>>> print(open('final20.csv').read())   # CSV, C-alpha atoms
chain,number,residue,atom,x,y,z
C,117,MET,CA,-3.2,12.2,-27.2
C,118,SER,CA,0.1,10.4,-26.8
C,119,MET,CA,1.9,10.0,-23.5
C,120,GLN,CA,4.8,12.1,-24.8
C,121,ARG,CA,2.6,15.1,-25.4
C,122,ARG,CA,1.3,14.8,-21.8
C,123,SER,CA,4.7,14.2,-20.1
C,124,HIS,CA,6.7,16.9,-18.5
C,125,SER,CA,9.8,17.8,-20.5
C,126,ASN,CA,12.3,16.3,-18.0
C,127,ASN,CA,10.6,12.9,-18.7
C,128,LYS,CA,10.2,12.2,-14.9
C,129,ILE,CA,6.7,13.5,-14.7
C,130,ALA,CA,3.6,12.1,-16.4
C,131,ILE,CA,0.5,14.2,-16.6
C,132,ILE,CA,-2.7,12.4,-17.5
C,133,SER,CA,-4.8,15.3,-18.6
C,134,GLU,CA,-8.5,15.4,-18.4
C,135,ILE,CA,-9.2,15.9,-22.1
C,136,TYR,CA,-12.2,14.1,-23.4
C,137,ASP,CA,-11.7,12.9,-27.0
C,138,GLY,CA,-14.9,10.9,-27.4
C,139,HIS,CA,-16.6,7.8,-25.9
C,140,SER,CA,-13.4,5.9,-25.1
C,141,SER,CA,-11.7,8.7,-23.0
C,142,GLN,CA,-11.8,6.6,-19.8
C,143,GLU,CA,-10.0,3.8,-21.5
C,144,ILE,CA,-7.4,6.2,-22.9
C,145,PHE,CA,-6.9,7.7,-19.4
C,146,GLN,CA,-6.4,4.2,-18.0
C,147,GLN,CA,-3.9,3.2,-20.7
C,148,GLU,CA,-2.0,6.4,-20.1
C,149,LEU,CA,-1.8,5.6,-16.4
C,150,GLU,CA,-0.6,2.0,-17.2
C,151,ASP,CA,2.0,3.4,-19.6
C,152,ALA,CA,3.3,5.9,-16.9
C,153,LEU,CA,3.4,3.1,-14.3
C,154,GLU,CA,5.3,0.8,-16.7
C,155,GLN,CA,7.7,3.6,-17.6
C,156,LYS,CA,8.3,4.1,-13.8
C,157,LYS,CA,7.8,7.8,-13.9
C,158,GLU,CA,8.9,9.5,-10.7
C,159,THR,CA,5.7,11.6,-10.5
C,160,ILE,CA,2.3,10.8,-12.0
C,161,ILE,CA,-0.3,13.5,-12.0
C,162,ILE,CA,-3.8,12.1,-12.6
C,163,GLU,CA,-6.4,14.8,-13.5
C,164,PRO,CA,-9.4,12.7,-14.4
C,165,THR,CA,-11.4,12.6,-11.2
C,166,LYS,CA,-12.8,9.0,-11.5
C,167,LEU,CA,-9.4,7.5,-12.4
C,168,GLY,CA,-7.6,9.5,-9.7
C,169,ASN,CA,-10.1,8.4,-7.0
C,170,GLU,CA,-10.0,4.8,-8.1
C,171,THR,CA,-6.2,4.8,-8.1
C,172,ALA,CA,-6.0,6.6,-4.7
C,173,ARG,CA,-8.4,4.0,-3.2
C,174,TRP,CA,-6.4,1.1,-4.6
C,175,ILE,CA,-3.2,2.6,-3.0
C,176,MET,CA,-4.9,3.3,0.3
C,177,MET,CA,-6.2,-0.4,0.3
C,178,GLY,CA,-2.6,-1.6,0.0
C,179,ASN,CA,-1.5,0.8,2.7
C,180,CYS,CA,-4.3,-0.5,5.0
C,181,LEU,CA,-3.2,-4.1,4.4
C,182,HIS,CA,0.4,-3.2,5.2
C,183,LYS,CA,-0.5,-1.3,8.4
C,184,THR,CA,-2.9,-3.9,9.6
C,185,ALA,CA,-0.3,-6.6,9.1
C,186,VAL,CA,2.3,-4.7,11.1
C,187,ILE,CA,0.0,-3.5,13.9
C,188,SER,CA,-1.8,-6.8,14.4
C,189,GLY,CA,1.5,-8.7,14.2
C,190,LEU,CA,2.9,-6.4,17.0
C,191,VAL,CA,-0.2,-6.9,19.1
C,192,GLY,CA,0.0,-10.7,18.5
C,193,CYS,CA,3.6,-10.7,19.6
C,194,VAL,CA,2.8,-8.8,22.7
C,195,GLY,CA,-0.1,-11.1,23.4
C,196,VAL,CA,2.0,-14.2,23.0
C,197,THR,CA,4.7,-12.7,25.2
C,198,SER,CA,2.2,-11.9,27.9
C,199,LEU,CA,1.1,-15.6,27.9
C,200,TYR,CA,4.6,-16.5,28.9
C,201,PHE,CA,5.0,-14.0,31.7
C,202,TRP,CA,1.4,-14.0,33.2
C,203,PRO,CA,-0.1,-17.4,32.3
C,204,GLN,CA,-2.8,-17.3,35.0
C,205,HIS,CA,-4.4,-13.9,34.4
C,206,TRP,CA,-7.1,-13.6,31.7
C,207,PHE,CA,-5.6,-16.6,30.0
C,208,LEU,CA,-8.5,-17.3,27.6
C,209,ALA,CA,-9.0,-13.7,26.5
C,210,ARG,CA,-5.3,-13.2,25.9
C,211,THR,CA,-5.0,-16.5,24.0
C,212,VAL,CA,-7.9,-15.6,21.7
C,213,THR,CA,-6.4,-12.1,21.2
C,214,ALA,CA,-3.0,-13.5,20.4
C,215,VAL,CA,-4.3,-16.1,18.0
C,216,ALA,CA,-6.7,-13.6,16.3
C,217,THR,CA,-4.3,-10.8,15.8
C,218,THR,CA,-1.5,-13.1,14.7
C,219,SER,CA,-3.9,-14.7,12.1
C,220,ILE,CA,-5.0,-11.3,10.9
C,221,SER,CA,-1.3,-10.2,10.5
C,222,ALA,CA,-0.5,-13.3,8.6
C,223,LEU,CA,-3.6,-13.0,6.4
C,224,CYS,CA,-3.0,-9.3,5.6
C,225,ALA,CA,0.7,-9.9,4.8
C,226,ALA,CA,-0.1,-12.8,2.6
C,227,MET,CA,-2.8,-10.8,0.8
C,228,TYR,CA,-0.4,-7.9,0.2
C,229,ASN,CA,2.4,-10.2,-0.9
C,230,VAL,CA,0.1,-12.1,-3.3
C,231,SER,CA,-2.1,-9.4,-4.7
C,232,TRP,CA,-0.3,-6.0,-4.2
C,233,GLN,CA,3.4,-6.5,-4.4
C,234,PHE,CA,3.3,-7.2,-8.2
C,235,ASP,CA,1.0,-4.3,-9.0
C,236,PRO,CA,3.0,-1.3,-10.2
C,237,CYS,CA,0.8,1.0,-8.1
C,238,CYS,CA,2.3,-0.4,-4.9
C,239,LYS,CA,5.5,1.4,-5.9
C,240,TYR,CA,3.7,4.8,-5.5
C,241,LYS,CA,2.4,6.8,-2.6
C,242,LEU,CA,-0.2,9.6,-2.6
C,243,GLU,CA,1.5,13.0,-2.3
C,244,HIS,CA,-0.1,15.4,0.1
C,245,ASP,CA,2.9,17.5,1.1
C,246,ILE,CA,2.2,21.1,0.2
C,247,LYS,CA,5.9,21.9,-0.5
C,248,ALA,CA,6.3,19.0,-2.9
C,249,LEU,CA,3.0,19.9,-4.6
C,250,GLN,CA,4.2,23.4,-5.2
C,251,ASN,CA,7.0,22.1,-7.4
C,252,LEU,CA,4.6,20.6,-9.9
C,253,PRO,CA,4.1,22.1,-13.4
C,254,VAL,CA,0.9,23.9,-12.5
C,255,ASP,CA,0.8,25.7,-15.8
C,256,ARG,CA,0.2,22.4,-17.6
C,257,LEU,CA,-2.6,21.2,-15.4
C,258,THR,CA,-6.3,21.6,-16.3
C,259,SER,CA,-7.7,20.2,-13.1
C,260,PRO,CA,-7.7,22.1,-9.7
C,261,ASN,CA,-7.5,18.9,-7.7
C,262,PRO,CA,-5.4,16.2,-9.4
C,263,VAL,CA,-4.2,13.0,-7.7
C,264,VAL,CA,-0.4,13.1,-7.4
C,265,LEU,CA,1.5,9.8,-7.1
C,266,VAL,CA,5.2,9.7,-6.2
C,267,ARG,CA,7.4,6.7,-6.9
C,268,LYS,CA,9.1,5.2,-3.8
C,269,ASN,CA,11.0,2.2,-2.9
C,270,ASP,CA,8.7,-0.3,-1.2
C,271,PHE,CA,11.3,-2.9,-0.2
C,272,ALA,CA,11.4,-1.9,3.4
C,273,ARG,CA,7.6,-2.0,3.6
C,274,LYS,CA,7.5,-5.6,2.4
C,275,VAL,CA,10.3,-6.6,4.7
C,276,VAL,CA,8.6,-5.0,7.8
C,277,HIS,CA,5.1,-6.5,7.4
C,278,SER,CA,6.5,-9.9,6.3
C,279,THR,CA,8.9,-10.0,9.2
C,280,MET,CA,6.3,-8.9,11.7
C,281,ALA,CA,3.8,-11.5,10.5
C,282,THR,CA,6.4,-14.2,10.5
C,283,VAL,CA,7.6,-13.3,14.0
C,284,ALA,CA,4.1,-13.2,15.3
C,285,VAL,CA,3.2,-16.6,13.8
C,286,GLY,CA,6.5,-18.1,14.9
C,287,SER,CA,6.1,-16.9,18.5
C,288,LEU,CA,2.6,-18.3,18.6
C,289,PHE,CA,3.7,-21.7,17.3
C,290,ILE,CA,6.6,-21.7,19.8
C,291,TRP,CA,4.1,-21.0,22.6
C,292,ILE,CA,1.7,-23.7,21.4
C,293,PHE,CA,4.6,-26.3,21.2
C,294,HIS,CA,5.8,-25.1,24.7
C,295,GLN,CA,2.3,-25.6,26.1
C,296,ARG,CA,1.8,-29.0,24.5
C,297,TYR,CA,5.2,-30.5,25.3
C,298,SER,CA,6.0,-29.1,28.7
>>> encode(input="final20.csv", output="structure tokens")
Amino acid sequence: MSMQRRSHSNNKIAIISEIYDGHSSQEIFQQELEDALEQKKETIIIEPTKLGNETARWIMMGNCLHKTAVISGLVGCVGVTSLYFWPQHWFLARTVTAVATTSISALCAAMYNVSWQFDPCCKYKLEHDIKALQNLPVDRLTSPNPVVLVRKNDFARKVVHSTMATVAVGSLFIWIFHQRYS
């Protein structure tokens, strides 16, 4: 089956139908997904359960790295700031917390920027909104529970976690230099 036969007529939606044509069906499904990602379809509907679950997990992993980078960077910044204002109270615990969370933020941001930002899946989010799902071409689907991906701009995401990790690491280094040279 070609991608054109499975695509919605307005050419913005790609439907990867769960039609088994032999032993190489999984490879065909994967190739159709790659084609849809390369064509930058606005919506991709993945009916094959295995491919849909794998793709959903991959996107959730990228989301987890992003959120971990942002939250741990924020905690690291708060931890470093607290070392300036209350240097005598729980100094070791706050120092370890600030260093650990800042390191986690930098590591997660680096992993995302090296591994995920060049993957075409990072441009998509899983669609769970009932109203948006109602607009899908249901008459063309063969699966009752497809995975739906919607293309989105991820520039702000990259800027947020990279900035947060950079600020956290920068504030930690400033605090270290301040402690060492004052």
>>> closest_residue(input="final20.csv", among="C:Ile129, C:Ile220, C:Ile162, C:Thr282", to="Ser188 (chain C)", atoms="only C-alpha atoms")
C:Ile220
>>> atom_distance(input="final20.csv", atom1="CA of Phe145 (chain C)", atom2="CA of Ile132 (chain C)")
6.6 Å
>>> residues_around(input="final20.csv", residues="region 152-154 of chain C", least_positions_apart="5", cutoff="12 Å", atoms="only C-alpha atoms", output="PyMOL selection string")
chain C and resi 118-120+122-124+127-132+145-147+159-162+171+234-240+265-267
>>> closest_residue(input="final20.csv", among="C:Thr279, C:Gln204, C:Ser141, C:Asn269", to="Leu190 (chain C)", atoms="only C-alpha atoms")
C:Thr279
>>> atom_distance(input="final20.csv", atom1="CA of Val283 (chain C)", atom2="CA of Thr217 (chain C)")
12.3 Å
>>> closest_residue(input="final20.csv", among="C:Phe201, C:Ala209, C:Glu134, C:Arg173", to="Leu257 (chain C)", atoms="all atoms listed in the file")
C:Glu134
>>> atom_distance(input="final20.csv", atom1="CA of Thr218 (chain C)", atom2="CA of Cys193 (chain C)")
7.5 Å
>>> closest_residue(input="final20.csv", among="C:Leu223, C:Val196, C:Ala272, C:Val230", to="Leu288 (chain C)", atoms="all atoms listed in the file")
C:Val196
>>> closest_residue(input="final20.csv", among="C:Phe289, C:Arg256, C:His294, C:Met177", to="Ala214 (chain C)", atoms="all atoms listed in the file")
C:Phe289
>>> closest_residue(input="final20.csv", among="C:Gln233, C:Gln155, C:Ser278, C:Ser287", to="Ser198 (chain C)", atoms="all atoms listed in the file")
C:Ser287
